[in-house]
file model-v8.pdb (PDB, C-alpha atoms and all ligand atoms)
ATOM      1  CA  MET A  14      27.110  28.146 -13.565
ATOM      2  CA  LEU A  15      25.505  25.472 -11.345
ATOM      3  CA  ALA A  16      21.697  25.238 -11.461
ATOM      4  CA  VAL A  17      20.161  25.738  -8.016
ATOM      5  CA  VAL A  18      18.100  22.713  -7.001
ATOM      6  CA  PRO A  19      15.060  23.812  -4.959
ATOM      7  CA  PRO A  20      14.667  22.121  -1.549
ATOM      8  CA  PRO A  21      12.015  19.378  -1.165
ATOM      9  CA  VAL A  22       8.488  20.515  -0.202
ATOM     10  CA  THR A  23       6.250  18.639   2.257
ATOM     11  CA  VAL A  24       2.477  19.089   2.382
ATOM     12  CA  ARG A  25       0.081  17.814   5.050
ATOM     13  CA  VAL A  26      -3.371  16.891   3.784
ATOM     14  CA  PRO A  27      -6.545  15.866   5.644
ATOM     15  CA  SER A  28      -8.809  12.864   5.236
ATOM     16  CA  LYS A  29     -12.562  13.397   4.847
ATOM     17  CA  ILE A  30     -15.774  11.909   6.038
ATOM     18  CA  ASN A  31     -19.221  12.537   4.608
ATOM     19  CA  LEU A  32     -21.637  13.749   7.286
ATOM     20  CA  HIS A  33     -24.406  13.502   4.705
ATOM     21  CA  LEU A  34     -24.187  11.671   1.391
ATOM     22  CA  SER A  35     -27.208  11.637  -0.878
ATOM     23  CA  VAL A  36     -26.606   9.620  -4.062
ATOM     24  CA  GLY A  37     -28.777  10.281  -7.133
ATOM     25  CA  ASP A  38     -29.324   7.915 -10.021
ATOM     26  CA  LEU A  39     -26.592   6.616 -12.317
ATOM     27  CA  ARG A  40     -25.625   9.190 -14.991
ATOM     28  CA  SER A  41     -24.760   8.343 -18.585
ATOM     29  CA  ASP A  42     -21.047   9.041 -17.837
ATOM     30  CA  GLY A  43     -20.939   6.297 -15.187
ATOM     31  CA  PHE A  44     -20.995   8.725 -12.233
ATOM     32  CA  HIS A  45     -23.810   9.554  -9.829
ATOM     33  CA  ASP A  46     -25.011  13.041  -8.952
ATOM     34  CA  LEU A  47     -24.310  13.671  -5.289
ATOM     35  CA  VAL A  48     -25.335  16.079  -2.595
ATOM     36  CA  THR A  49     -22.826  15.656   0.191
ATOM     37  CA  VAL A  50     -21.513  17.453   3.247
ATOM     38  CA  PHE A  51     -17.784  16.840   3.626
ATOM     39  CA  GLN A  52     -15.778  17.416   6.778
ATOM     40  CA  ALA A  53     -11.960  17.348   6.737
ATOM     41  CA  LEU A  54     -10.433  15.425   9.651
ATOM     42  CA  SER A  55      -7.094  15.601  11.484
ATOM     43  CA  LEU A  56      -6.163  12.100  10.322
ATOM     44  CA  VAL A  57      -3.614  13.104   7.651
ATOM     45  CA  ASP A  58      -1.141  12.002   5.000
ATOM     46  CA  GLU A  59       2.133  13.833   4.369
ATOM     47  CA  VAL A  60       3.463  14.147   0.858
ATOM     48  CA  THR A  61       6.996  15.268  -0.013
ATOM     49  CA  VAL A  62       8.062  16.186  -3.530
ATOM     50  CA  ALA A  63      11.680  16.663  -4.578
ATOM     51  CA  VAL A  64      13.625  17.257  -7.766
ATOM     52  CA  THR A  65      15.398  14.032  -8.737
ATOM     53  CA  ASP A  66      17.105  12.103 -11.521
ATOM     54  CA  ASP A  67      15.122   9.037 -10.408
ATOM     55  CA  PRO A  68      11.435   9.931 -10.844
ATOM     56  CA  GLY A  69       8.685   7.890  -9.186
ATOM     57  CA  VAL A  70       6.564   7.325  -6.086
ATOM     58  CA  GLU A  71       7.466   5.797  -2.688
ATOM     59  CA  VAL A  72       4.874   4.874  -0.070
ATOM     60  CA  TYR A  73       5.322   4.419   3.688
ATOM     61  CA  GLY A  74       2.905   3.866   6.556
ATOM     62  CA  GLU A  75      -0.730   2.772   6.698
ATOM     63  CA  GLY A  76      -1.477   0.225   3.919
ATOM     64  CA  GLN A  77       1.833   0.895   2.115
ATOM     65  CA  ASP A  78       1.899  -2.502   0.406
ATOM     66  CA  SER A  79      -1.481  -2.048  -1.269
ATOM     67  CA  VAL A  80      -0.734   1.347  -2.840
ATOM     68  CA  PRO A  81       0.429   1.143  -6.484
ATOM     69  CA  THR A  82       3.663   3.053  -7.126
ATOM     70  CA  GLY A  83       3.474   3.040 -10.930
ATOM     71  CA  ALA A  84       1.857   5.333 -13.464
ATOM     72  CA  ASN A  85      -1.650   4.698 -12.100
ATOM     73  CA  ASN A  86      -0.847   6.078  -8.643
ATOM     74  CA  LEU A  87      -3.132   9.115  -8.310
ATOM     75  CA  ALA A  88      -0.304  11.269  -6.923
ATOM     76  CA  TRP A  89       1.809  10.474  -9.987
ATOM     77  CA  ARG A  90      -1.151  11.292 -12.211
ATOM     78  CA  ALA A  91      -1.317  14.627 -10.378
ATOM     79  CA  VAL A  92       2.354  15.265 -11.272
ATOM     80  CA  GLN A  93       1.634  14.574 -14.922
ATOM     81  CA  ALA A  94      -1.597  16.582 -14.959
ATOM     82  CA  LEU A  95       0.057  19.670 -13.436
ATOM     83  CA  ALA A  96       3.088  19.373 -15.728
ATOM     84  CA  ALA A  97       0.772  19.244 -18.743
ATOM     85  CA  TYR A  98      -1.385  22.112 -17.425
ATOM     86  CA  VAL A  99       1.581  24.470 -17.027
ATOM     87  CA  GLY A 100       3.222  23.325 -20.264
ATOM     88  CA  ARG A 101       6.292  21.565 -18.839
ATOM     89  CA  ASP A 102       6.905  19.235 -21.689
ATOM     90  CA  GLU A 103       9.022  16.525 -20.019
ATOM     91  CA  SER A 104       7.732  13.034 -20.887
ATOM     92  CA  GLU A 105       8.543  12.085 -17.292
ATOM     93  CA  PRO A 106       8.782  15.026 -14.875
ATOM     94  CA  LYS A 107      11.977  14.857 -12.785
ATOM     95  CA  VAL A 108      10.095  14.543  -9.518
ATOM     96  CA  ARG A 109      10.153  12.033  -6.671
ATOM     97  CA  VAL A 110       6.952  11.809  -4.604
ATOM     98  CA  VAL A 111       7.074  10.294  -1.110
ATOM     99  CA  LEU A 112       3.725   9.468   0.507
ATOM    100  CA  ARG A 113       3.590   8.997   4.300
ATOM    101  CA  LYS A 114       0.190   7.509   4.883
ATOM    102  CA  GLY A 115      -1.989   7.855   7.964
ATOM    103  CA  ILE A 116      -5.261   7.644   6.007
ATOM    104  CA  PRO A 117      -6.489   4.077   5.356
ATOM    105  CA  VAL A 118      -6.128   2.845   1.765
ATOM    106  CA  ALA A 119      -9.463   2.202  -0.035
ATOM    107  CA  GLY A 120     -11.128   3.151   3.252
ATOM    108  CA  GLY A 121     -13.760   5.660   2.113
ATOM    109  CA  MET A 122     -11.771   8.596   3.549
ATOM    110  CA  ALA A 123     -10.366   9.838   0.224
ATOM    111  CA  GLY A 124      -6.735   8.980   1.012
ATOM    112  CA  GLY A 125      -5.699   8.638  -2.644
ATOM    113  CA  SER A 126      -7.486  11.890  -3.496
ATOM    114  CA  ALA A 127      -5.741  13.586  -0.556
ATOM    115  CA  ASP A 128      -2.356  12.486  -1.902
ATOM    116  CA  ALA A 129      -3.206  13.890  -5.338
ATOM    117  CA  ALA A 130      -4.315  17.228  -3.841
ATOM    118  CA  ALA A 131      -1.181  17.395  -1.677
ATOM    119  CA  THR A 132       0.994  16.674  -4.702
ATOM    120  CA  LEU A 133      -0.587  19.565  -6.630
ATOM    121  CA  VAL A 134       0.067  21.989  -3.745
ATOM    122  CA  ALA A 135       3.605  20.695  -3.129
ATOM    123  CA  LEU A 136       4.583  20.820  -6.793
ATOM    124  CA  SER A 137       3.258  24.326  -7.269
ATOM    125  CA  ALA A 138       5.601  25.368  -4.430
ATOM    126  CA  LEU A 139       8.533  23.278  -5.767
ATOM    127  CA  TRP A 140       8.119  24.655  -9.284
ATOM    128  CA  ARG A 141       7.321  28.166  -7.944
ATOM    129  CA  LEU A 142       4.138  28.327  -9.977
ATOM    130  CA  ASP A 143       1.919  31.351  -9.606
ATOM    131  CA  ILE A 144      -1.283  29.360  -9.422
ATOM    132  CA  GLY A 145      -4.098  29.813  -6.888
ATOM    133  CA  ARG A 146      -6.133  27.173  -5.132
ATOM    134  CA  ASP A 147      -9.211  27.771  -7.316
ATOM    135  CA  GLU A 148      -7.135  27.203 -10.446
ATOM    136  CA  LEU A 149      -5.583  24.060  -8.927
ATOM    137  CA  ALA A 150      -9.119  22.837  -8.155
ATOM    138  CA  GLY A 151      -9.804  22.710 -11.905
ATOM    139  CA  VAL A 152      -6.842  20.345 -12.377
ATOM    140  CA  ALA A 153      -7.877  18.444  -9.219
ATOM    141  CA  ALA A 154     -11.446  17.790 -10.418
ATOM    142  CA  LYS A 155     -10.148  15.946 -13.489
ATOM    143  CA  LEU A 156      -8.147  13.588 -11.243
ATOM    144  CA  GLY A 157     -11.084  12.491  -9.063
ATOM    145  CA  SER A 158     -14.340  13.618  -7.515
ATOM    146  CA  ASP A 159     -12.904  14.071  -3.994
ATOM    147  CA  VAL A 160      -9.610  15.751  -4.944
ATOM    148  CA  PRO A 161     -10.873  19.388  -4.902
ATOM    149  CA  PHE A 162     -12.251  19.020  -1.359
ATOM    150  CA  ALA A 163      -8.848  17.873  -0.064
ATOM    151  CA  LEU A 164      -7.409  21.158  -1.392
ATOM    152  CA  TYR A 165      -9.863  23.306   0.577
ATOM    153  CA  GLY A 166     -10.625  21.191   3.667
ATOM    154  CA  GLY A 167     -12.950  22.606   6.322
ATOM    155  CA  THR A 168     -16.592  21.677   5.934
ATOM    156  CA  ALA A 169     -18.231  21.980   2.531
ATOM    157  CA  LEU A 170     -21.320  21.140   0.557
ATOM    158  CA  GLY A 171     -20.385  19.112  -2.523
ATOM    159  CA  THR A 172     -22.594  18.686  -5.597
ATOM    160  CA  GLY A 173     -22.138  17.312  -9.109
ATOM    161  CA  ARG A 174     -19.768  14.351  -8.744
ATOM    162  CA  GLY A 175     -18.802  15.882  -5.399
ATOM    163  CA  GLU A 176     -16.289  18.236  -7.006
ATOM    164  CA  GLN A 177     -18.429  21.409  -6.943
ATOM    165  CA  LEU A 178     -17.908  22.908  -3.500
ATOM    166  CA  VAL A 179     -19.430  25.606  -1.340
ATOM    167  CA  PRO A 180     -18.054  26.174   2.187
ATOM    168  CA  VAL A 181     -20.396  25.408   5.094
ATOM    169  CA  LEU A 182     -20.245  27.406   8.328
ATOM    170  CA  SER A 183     -18.873  25.177  11.089
ATOM    171  CA  ARG A 184     -17.040  27.101  13.788
ATOM    172  CA  HIS A 185     -17.080  24.263  16.314
ATOM    173  CA  THR A 186     -14.779  21.280  16.578
ATOM    174  CA  PHE A 187     -16.332  17.804  16.448
ATOM    175  CA  HIS A 188     -14.631  14.713  17.862
ATOM    176  CA  TRP A 189     -14.570  11.432  15.978
ATOM    177  CA  VAL A 190     -13.409   7.858  16.383
ATOM    178  CA  LEU A 191     -12.522   5.964  13.209
ATOM    179  CA  ALA A 192     -12.594   2.186  12.917
ATOM    180  CA  PHE A 193     -10.454   0.789  10.064
ATOM    181  CA  ASP A 194     -11.513  -2.542   8.591
ATOM    182  CA  GLN A 195      -9.195  -5.444   7.731
ATOM    183  CA  ARG A 196      -9.385  -4.752   3.976
ATOM    184  CA  GLY A 197     -10.464  -1.878   1.753
ATOM    185  CA  LEU A 198     -13.555  -1.650  -0.453
ATOM    186  CA  SER A 199     -13.535  -0.605  -4.107
ATOM    187  CA  THR A 200     -15.521   2.620  -4.591
ATOM    188  CA  PRO A 201     -16.962   1.649  -8.033
ATOM    189  CA  ARG A 202     -18.061  -1.692  -6.543
ATOM    190  CA  VAL A 203     -19.949   0.029  -3.734
ATOM    191  CA  TYR A 204     -21.718   2.410  -6.150
ATOM    192  CA  GLY A 205     -22.533  -0.618  -8.331
ATOM    193  CA  GLU A 206     -23.984  -2.438  -5.344
ATOM    194  CA  LEU A 207     -26.192   0.567  -4.570
ATOM    195  CA  ASP A 208     -27.478   0.530  -8.186
ATOM    196  CA  ARG A 209     -28.194  -3.185  -7.785
ATOM    197  CA  LEU A 210     -30.036  -2.686  -4.475
ATOM    198  CA  ARG A 211     -32.094   0.096  -6.046
ATOM    199  CA  GLU A 212     -33.034  -2.110  -9.017
ATOM    200  CA  ALA A 213     -34.048  -4.926  -6.699
ATOM    201  CA  GLY A 214     -36.092  -2.798  -4.305
ATOM    202  CA  ASP A 215     -36.334   0.739  -3.028
ATOM    203  CA  PRO A 216     -33.892   1.189  -0.156
ATOM    204  CA  PRO A 217     -34.605   4.317   1.921
ATOM    205  CA  ARG A 218     -32.750   7.443   0.846
ATOM    206  CA  VAL A 219     -31.315  10.121   3.119
ATOM    207  CA  GLY A 220     -33.375  13.320   3.070
ATOM    208  CA  SER A 221     -32.261  16.913   2.609
ATOM    209  CA  HIS A 222     -28.838  18.157   3.672
ATOM    210  CA  ALA A 223     -30.335  21.337   5.198
ATOM    211  CA  PRO A 224     -30.780  20.031   8.789
ATOM    212  CA  VAL A 225     -27.140  18.848   8.797
ATOM    213  CA  VAL A 226     -25.976  22.323   7.790
ATOM    214  CA  GLU A 227     -28.071  23.816  10.632
ATOM    215  CA  ALA A 228     -26.660  21.341  13.156
ATOM    216  CA  LEU A 229     -23.121  22.249  12.065
ATOM    217  CA  ALA A 230     -23.830  25.922  12.649
ATOM    218  CA  SER A 231     -25.248  25.139  16.117
ATOM    219  CA  GLY A 232     -22.109  23.172  17.012
ATOM    220  CA  ASP A 233     -24.144  20.665  19.061
ATOM    221  CA  PRO A 234     -22.774  17.149  18.417
ATOM    222  CA  ARG A 235     -25.989  15.597  19.817
ATOM    223  CA  GLN A 236     -28.050  17.404  17.179
ATOM    224  CA  LEU A 237     -25.594  16.438  14.416
ATOM    225  CA  ALA A 238     -25.531  12.802  15.590
ATOM    226  CA  LEU A 239     -29.247  12.403  14.847
ATOM    227  CA  LEU A 240     -28.731  13.581  11.262
ATOM    228  CA  LEU A 241     -25.694  11.638   9.964
ATOM    229  CA  GLY A 242     -26.780   9.788   6.821
ATOM    230  CA  ASN A 243     -25.130   8.032   3.893
ATOM    231  CA  ASP A 244     -26.901   6.394   0.934
ATOM    232  CA  LEU A 245     -23.796   4.262   0.312
ATOM    233  CA  GLN A 246     -23.966   2.713   3.778
ATOM    234  CA  ALA A 247     -26.512   0.025   2.814
ATOM    235  CA  ALA A 248     -24.348  -0.951  -0.166
ATOM    236  CA  ALA A 249     -21.142  -1.083   1.893
ATOM    237  CA  VAL A 250     -22.877  -3.173   4.567
ATOM    238  CA  SER A 251     -24.322  -5.461   1.889
ATOM    239  CA  LEU A 252     -20.771  -6.143   0.593
ATOM    240  CA  ARG A 253     -19.214  -6.273   4.085
ATOM    241  CA  PRO A 254     -21.934  -7.465   6.522
ATOM    242  CA  GLY A 255     -19.515  -7.339   9.483
ATOM    243  CA  LEU A 256     -19.774  -3.515   9.390
ATOM    244  CA  ARG A 257     -23.172  -3.796  11.071
ATOM    245  CA  ARG A 258     -21.418  -5.206  14.132
ATOM    246  CA  THR A 259     -18.757  -2.481  14.037
ATOM    247  CA  LEU A 260     -21.408   0.262  13.860
ATOM    248  CA  ARG A 261     -23.268  -1.250  16.807
ATOM    249  CA  ALA A 262     -20.071  -1.670  18.841
ATOM    250  CA  GLY A 263     -19.169   2.023  18.502
ATOM    251  CA  VAL A 264     -22.536   3.158  19.803
ATOM    252  CA  ASN A 265     -22.376   0.569  22.605
ATOM    253  CA  ALA A 266     -18.955   1.989  23.487
ATOM    254  CA  GLY A 267     -20.540   5.411  24.070
ATOM    255  CA  ALA A 268     -20.452   7.194  20.692
ATOM    256  CA  LEU A 269     -23.425   9.460  19.907
ATOM    257  CA  ALA A 270     -23.805   7.886  16.444
ATOM    258  CA  GLY A 271     -21.862   5.999  13.802
ATOM    259  CA  THR A 272     -21.823   6.070  10.021
ATOM    260  CA  VAL A 273     -19.922   4.376   7.228
ATOM    261  CA  SER A 274     -17.503   6.948   5.811
ATOM    262  CA  GLY A 275     -18.103   7.524   2.077
ATOM    263  CA  SER A 276     -18.014   4.178   0.267
ATOM    264  CA  GLY A 277     -16.514   2.512   3.356
ATOM    265  CA  PRO A 278     -15.430   0.336   4.944
ATOM    266  CA  THR A 279     -14.115   2.798   7.566
ATOM    267  CA  CYS A 280     -16.759   3.596  10.194
ATOM    268  CA  ALA A 281     -16.810   7.071  11.762
ATOM    269  CA  PHE A 282     -18.271   7.614  15.237
ATOM    270  CA  LEU A 283     -19.275  11.055  16.464
ATOM    271  CA  CYS A 284     -18.497  11.583  20.166
ATOM    272  CA  ALA A 285     -19.696  14.158  22.692
ATOM    273  CA  ASP A 286     -16.216  15.621  23.316
ATOM    274  CA  ALA A 287     -12.483  14.856  23.131
ATOM    275  CA  GLN A 288     -12.464  12.872  26.383
ATOM    276  CA  SER A 289     -15.394  10.727  25.282
ATOM    277  CA  ALA A 290     -13.646  10.035  21.959
ATOM    278  CA  VAL A 291     -10.581   8.668  23.778
ATOM    279  CA  GLU A 292     -12.820   6.426  25.907
ATOM    280  CA  VAL A 293     -14.869   5.190  22.932
ATOM    281  CA  ALA A 294     -11.666   4.467  20.999
ATOM    282  CA  ALA A 295     -10.219   2.411  23.858
ATOM    283  CA  GLU A 296     -13.374   0.364  24.250
ATOM    284  CA  LEU A 297     -13.844  -0.145  20.514
ATOM    285  CA  ALA A 298     -10.211  -1.252  20.130
ATOM    286  CA  GLY A 299     -10.904  -4.039  22.621
ATOM    287  CA  ALA A 300     -14.170  -5.147  21.009
ATOM    288  CA  GLY A 301     -12.506  -7.116  18.199
ATOM    289  CA  VAL A 302     -14.667  -5.616  15.446
ATOM    290  CA  CYS A 303     -12.004  -3.777  13.430
ATOM    291  CA  ARG A 304      -8.309  -3.774  12.506
ATOM    292  CA  THR A 305      -7.389  -0.543  14.222
ATOM    293  CA  VAL A 306      -8.919   2.549  15.775
ATOM    294  CA  ARG A 307      -7.967   6.253  15.530
ATOM    295  CA  VAL A 308      -9.200   9.440  17.187
ATOM    296  CA  ALA A 309      -9.562  12.550  15.030
ATOM    297  CA  HIS A 310     -11.226  15.962  15.045
ATOM    298  CA  GLY A 311     -12.667  18.213  12.396
ATOM    299  CA  PRO A 312     -12.971  20.476  10.631
ATOM    300  CA  VAL A 313      -9.303  21.082   9.763
ATOM    301  CA  PRO A 314      -7.806  23.037   6.823
ATOM    302  CA  GLY A 315      -7.012  21.542   3.424
ATOM    303  CA  ALA A 316      -3.631  20.617   1.930
ATOM    304  CA  ARG A 317      -0.886  23.015   3.040
ATOM    305  CA  VAL A 318       2.874  23.224   3.085
ATOM    306  CA  VAL A 319       4.444  22.064   6.364
ATOM    307  CA  GLY A 320       6.511  24.916   7.761
ATOM    308  CA  GLY A 321       4.725  27.335   5.408
ATOM    309  CA  GLU A 322       3.208  30.661   6.504
ATOM    310  CA  ASN A 323      -0.055  29.104   7.587
ATOM    311  CA  ASP A 324       1.408  26.243   9.543
ATOM    312  CA  PRO A 325       0.567  26.491  13.259
TER
HETATM  313  O1  LIG U 401     -14.066  10.300  -9.090
HETATM  314  P1  LIG U 401     -13.463   9.054  -8.553
HETATM  315  O2  LIG U 401     -12.313   8.560  -9.397
HETATM  316  O3  LIG U 401     -13.108   9.130  -7.103
HETATM  317  O4  LIG U 401     -14.599   7.941  -8.661
HETATM  318  C1  LIG U 401     -14.330   6.585  -8.537
HETATM  319  C2  LIG U 401     -15.553   5.802  -8.971
HETATM  320  O5  LIG U 401     -16.612   5.995  -8.019
HETATM  321  C3  LIG U 401     -16.140   6.219 -10.296
HETATM  322  O6  LIG U 401     -15.514   5.542 -11.358
HETATM  323  C4  LIG U 401     -17.597   5.806 -10.147
HETATM  324  O7  LIG U 401     -17.742   4.406 -10.339
HETATM  325  C5  LIG U 401     -17.865   6.076  -8.678
HETATM  326  N1  LIG U 401     -18.459   7.409  -8.452
HETATM  327  C6  LIG U 401     -19.760   7.635  -8.847
HETATM  328  N2  LIG U 401     -20.328   8.871  -8.655
HETATM  329  C7  LIG U 401     -19.623   9.857  -8.060
HETATM  330  C8  LIG U 401     -18.286   9.642  -7.630
HETATM  331  C9  LIG U 401     -17.730   8.396  -7.851
HETATM  332  O8  LIG U 401     -20.432   6.741  -9.375
HETATM  333  N3  LIG U 401     -20.205  11.040  -7.871
END

call {"tool": "encode", "arguments": {"input": "model-v8.pdb", "output": "structure tokens"}}
result
Amino acid sequence: MLAVVPPPVTVRVPSKINLHLSVGDLRSDGFHDLVTVFQALSLVDEVTVAVTDDPGVEVYGEGQDSVPTGANNLAWRAVQALAAYVGRDESEPKVRVVLRKGIPVAGGMAGGSADAAATLVALSALWRLDIGRDELAGVAAKLGSDVPFALYGGTALGTGRGEQLVPVLSRHTFHWVLAFDQRGLSTPRVYGELDRLREAGDPPRVGSHAPVVEALASGDPRQLALLLGNDLQAAAVSLRPGLRRTLRAGVNAGALAGTVSGSGPTCAFLCADAQSAVEVAAELAGAGVCRTVRVAHGPVPGARVVGGENDP
């Protein structure tokens, strides 16, 4: 009897920005304790997994040449982690992973983490695993601090390394413009630069996350704009001084406020509404301060199967 090969599964997964990112001191395990408010944005990657006799990873789209396709690709590590978790004992799972990237690589928007989260969701469908999102989040957290958030999406408060999540009420849609830089920034380097800046002086720290959570509930982008804050911004700007100009250009173009996204170098600009975002994007694209510009909105849901029950 012929074995039935299951059809490929495609998952769409959001990027993230940090509306608030408070970084604590360096822990003994090399990580920093965070208090962060994540928002998932409509700038997405799509990940397809298929059964194959030629296992591996292919990458297309935004930054495709700078994504590793070998064993250290985070999506491939997700394949191995899930195979081990469910006791599939192949040394190399017979899976091909195709990444279609819209999220900038090493851009501070958790693109690699998104691909890992999408791979977990896609593979659980491909392998018909009976495994819920909360259980997948346990596997996700071992792959990287931002991977669990990409599973859930929406807006969430993250603590610990960023992997412990509580949903935040945010019924309104916010409109963003994203400015991609010429090159990526290494996340460990940016955290290291923050440690260095803190040893050398006492750079100001963002305050409590509570006002941000209130502004999200109110839905007023003007209120939220006053409260965006990121402790990693000073470190990203220190390593990439041109970001100062980018941040200024976005506000000059009509954004309510701008912030470095996560560890950067992508800058995220909050706009008053969808129309304003289109106008800000057009003006920023002509200002010569970044490689490319995108419009996005949030919050959006986490990783989910394209064409699945919940697909609009
Ligand atoms: O968890 P993830 O692999 O995304 O982290 C990448 C690097 O970012 C870590 O090795 C660490 O240097 C830094 N990091 C940190 N504190 C966090 C998250 C990440 O120092 N909470």

call {"tool": "residues_near_ligand", "arguments": {"input": "model-v8.pdb", "ligand": "ligand LIG 401 (chain U)", "cutoff": "8 Å", "atoms": "only C-alpha atoms and all ligand atoms", "output": "list in words"}}
result
Val36, Leu39, Gly43, Phe44, His45, Asp46, Leu47, Ala123, Ser126, Leu156, Gly157, Ser158, Asp159, Val160, Gly173, Arg174, Gly175, Thr200, Pro201, Arg202, Tyr204 and Gly205 of chain A

call {"tool": "resolve_selection", "arguments": {"input": "model-v8.pdb", "expression": "the PyMOL selection byres (((chain A and resi 48) around 6) and not hetatm)", "output": "ChimeraX atom specification"}}
result
/A:35,47,49,171-172

call {"tool": "write_last_selection", "arguments": {"input": "model-v8.pdb", "atoms": "C-alpha atoms", "output": "short mmCIF file (atom, residue, chain, number, x, y, z; two decimals), in the frame of the given file"}}
result
data_model
loop_
_atom_site.label_atom_id
_atom_site.label_comp_id
_atom_site.auth_asym_id
_atom_site.auth_seq_id
_atom_site.Cartn_x
_atom_site.Cartn_y
_atom_site.Cartn_z
CA SER A 35 -27.21 11.64 -0.88
CA LEU A 47 -24.31 13.67 -5.29
CA THR A 49 -22.83 15.66 0.19
CA GLY A 171 -20.39 19.11 -2.52
CA THR A 172 -22.59 18.69 -5.60
#

call {"tool": "closest_residue", "arguments": {"input": "model-v8.pdb", "among": "A:Asp67, A:Asp244, A:Asp233, A:Glu206", "to": "Asp286 (chain A)", "atoms": "all atoms listed in the file"}}
result
A:Asp233

call {"tool": "residues_around", "arguments": {"input": "model-v8.pdb", "residues": "region 143-150 of chain A", "least_positions_apart": "6", "cutoff": "9 Å", "atoms": "all atoms listed in the file", "output": "tab-separated table (two decimals) with C-alpha atoms, in the frame of the given file"}}
result
chain	number	residue	atom	x	y	z
A	95	LEU	CA	0.06	19.67	-13.44
A	130	ALA	CA	-4.32	17.23	-3.84
A	133	LEU	CA	-0.59	19.57	-6.63
A	134	VAL	CA	0.07	21.99	-3.74
A	137	SER	CA	3.26	24.33	-7.27
A	160	VAL	CA	-9.61	15.75	-4.94
A	161	PRO	CA	-10.87	19.39	-4.90
A	162	PHE	CA	-12.25	19.02	-1.36
A	164	LEU	CA	-7.41	21.16	-1.39
A	165	TYR	CA	-9.86	23.31	0.58
A	176	GLU	CA	-16.29	18.24	-7.01

call {"tool": "residues_around", "arguments": {"input": "model-v8.pdb", "residues": "Ser251 (chain A)", "least_positions_apart": "5", "cutoff": "12 Å", "atoms": "all atoms listed in the file", "output": "MDAnalysis selection string"}}
result
chainID A and resid 198 202:207 209:210 216 245:246 256:257 276:278
